[in-house]
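Notes follow the structure.
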Amino acid sequence: MARRLAAGARLVLASHNPGKLREIEALMAPHRVEVISAGALGLPEPEEPAPDFAGNARIKALAAAIASGLPALADDSGFCVSALGGAPGVVSARWAGPDKDFGLAMARVIREMGAAADRTAWFISALCLAWPDGHTETFEGRVDGVCVWPPRGTLGFGYDPMFLAAGETGTYGEIDPARKQATSHRARAFAQLIQACFG
Ligand code: IMP
């Protein structure tokens, strides 16, 4: 049985990515926890040395929980392209370079895909809830779709404008953010976390 988070608890969000913070805060809003960002506490952004999403989420959540003395939630996520063997995957943020230019990152994806017939791709989100005593709970969500080019829409963040989720008529850069929030990889991981650790 998963460890639960007490109602009214203070929870650190161990992310420095404004797009992810926005989405996680919105997902957390209906639940009775007080959310504080790692940036507001002056916590550093840890390295992400693990070869998988769950391992990186665990490193980030544990670092924030131990540094703050509070439970902490971290997301490690990425964009995976079938024709690229799952790349950029865990290094999705790095493909955008030091200027975090996702126009460049998306152009690299399309360039490396070339004329590959398989245009399928997916997003993964691993969420880890960690406590200062070292206990962790980890959950993973995935959403499948296809790559489109050129990128479409200005909503969302990261690779959203080139991703058309299965069953949608617009990319994550075009559809209502509330719709993405309800069905995305992050929402799916989050639903598992809420069921296991809240209430
Ligand atoms: P990290 O989890 O901080 O390593 O960063 C993951 C990277 O994956 C982000 O910087 C985005 O580029 C990408 N990513 C993760 N989730 C999403 C999403 O929901 N939409 C678009 N890009 C995403």
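Chain labels run A, B, ... following the order of the structure tokens; each chain numbers its residues from 1, and ligands are numbered from 1 in the order shown.
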So that I can check the surroundings of segment 154-158 of chain A, please list as a list of chain:residue names every protein, DNA and RNA residue that reaches within 9 Å of it, counting only C-alpha atoms and ignoring chain neighbours fewer than 6 positions away.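 Residues meeting the cut-off are A:Gly19, A:Lys20, A:Phe79, A:Ser92, A:Ala93, A:Ala96, A:Lys100, A:Asp101, A:Phe102, A:Gly103, A:Ala105, A:Met106, A:Tyr172, A:Gly173, A:Glu174, A:Ile175, A:Asp176, A:Pro177, A:Lys180.
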Applying 12 Å and only C-alpha atoms, which residues near segment 41-46 of chain A remain after dropping the ones on its own chain fewer than 2 positions away? List them as an MDAnalysis selection string. chainID A and resid 11:17 35:39 48:50 56:70 72 74 76
Output of the above residues as a JSON list (two decimals), in the first residue's frame, restricted to C-alpha atoms:
```json
[["chain", "number", "residue", "atom", "x", "y", "z"],
["A", 11, "LEU", "CA", 4.41, 19.92, -0.74],
["A", 12, "VAL", "CA", 7.47, 21.11, -2.67],
["A", 13, "LEU", "CA", 7.23, 20.99, -6.47],
["A", 14, "ALA", "CA", 10.75, 20.00, -7.50],
["A", 15, "SER", "CA", 10.75, 21.54, -10.97],
["A", 16, "HIS", "CA", 12.23, 24.68, -12.45],
["A", 17, "ASN", "CA", 10.36, 24.33, -15.76],
["A", 35, "VAL", "CA", 2.21, 23.81, -2.97],
["A", 36, "ILE", "CA", 5.60, 25.56, -2.83],
["A", 37, "SER", "CA", 7.99, 25.63, -5.79],
["A", 38, "ALA", "CA", 11.63, 24.52, -5.45],
["A", 39, "GLY", "CA", 12.63, 27.84, -7.04],
["A", 48, "GLU", "CA", 19.54, 14.11, -14.26],
["A", 49, "PRO", "CA", 22.04, 11.27, -14.61],
["A", 50, "ALA", "CA", 19.62, 8.31, -14.70],
["A", 56, "ASN", "CA", 15.46, 10.96, -12.77],
["A", 57, "ALA", "CA", 12.12, 11.85, -11.15],
["A", 58, "ARG", "CA", 13.28, 9.99, -8.02],
["A", 59, "ILE", "CA", 16.63, 11.84, -7.92],
["A", 60, "LYS", "CA", 14.89, 15.23, -8.26],
["A", 61, "ALA", "CA", 12.13, 14.50, -5.71],
["A", 62, "LEU", "CA", 14.52, 13.05, -3.10],
["A", 63, "ALA", "CA", 16.97, 15.96, -3.45],
["A", 64, "ALA", "CA", 14.16, 18.47, -2.86],
["A", 65, "ALA", "CA", 12.60, 16.50, 0.02],
["A", 66, "ILE", "CA", 15.92, 16.13, 1.84],
["A", 67, "ALA", "CA", 16.95, 19.77, 1.25],
["A", 68, "SER", "CA", 13.58, 21.19, 2.35],
["A", 69, "GLY", "CA", 12.51, 18.71, 5.04],
["A", 70, "LEU", "CA", 9.11, 18.50, 3.29],
["A", 72, "ALA", "CA", 8.42, 16.81, -2.64],
["A", 74, "ALA", "CA", 9.08, 15.79, -9.20],
["A", 76, "ASP", "CA", 10.66, 13.76, -15.35]]
```
Quick one: distance from atom CA of Arg186 of chain A to atom CA of Glu112 of chain A in Å, one decimal?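 Between these atoms lies a distance of 26.1 Å.
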Residues flagged alpha helix (DSSP H) by DSSP in segment 19-93 of chain A, as an MDAnalysis selection string: chainID A and resid 19:28 53:68
Could you jot down the atom CA of Phe198 of chain A to atom CA of Ala9 of chain A separation for me, Å, one decimal place?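 For atom CA of Phe198 of chain A relative to atom CA of Ala9 of chain A, the distance reads 10.5 Å.
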Coordinates-based distance that separates atom 6 (C, counted along the ligand's line) of ligand 1 from atom CA of Glu47 of chain A (Å, one decimal): 12.6 Å
Nearby residues (only C-alpha atoms) at most 9 Å from His31 of chain A, same-chain spacing under 2 positions excluded, as a PyMOL selection string: chain A and resi 7-8+27-29+33-34+194+198-199
For the structure I just gave you, how does DSSP split chain A - specifically, which residues are strand (DSSP E)? Reply as an MDAnalysis selection string. chainID A and resid 10:13 34:37 72:81 120:130 136:147 163:165
Would you please work out which residue, of A:Pro30, A:Gly145, A:Pro71, A:Pro18, is nearest to Arg119 of chain A when using only C-alpha atoms?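 Between A:Pro30, A:Gly145, A:Pro71, A:Pro18, the residue approaching Arg119 of chain A most closely is A:Gly145.
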Nearest to ligand 1: which of A:Pro98, A:Pro161, A:Gly170, A:Pro51 is it, counting only C-alpha atoms and all ligand atoms? A:Pro161
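Proximity of A:Val91, A:Ala178, A:Ala117, A:Met1 to ligand 1, computed with only C-alpha atoms and all ligand atoms, is greatest for A:Val91.
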List the neighbours of Ile124 of chain A out to 7 Å using only C-alpha atoms; skip same-chain residues closer than 6 positions along the sequence, and give me the result as a PyMOL selection string. chain A and resi 77-79+141-143+185
Could you check the closest approach to Thr171 of chain A for each of A:Gly55, A:Glu140, A:Gln192, A:Val146 and tell me which residue wins, using only C-alpha atoms? A:Val146
Counting only C-alpha atoms and all ligand atoms, which of A:Thr138, A:Ser125, A:Gln195, A:Thr183 gets nearest to ligand 1?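 Closest to ligand 1, using only C-alpha atoms and all ligand atoms: A:Ser125.
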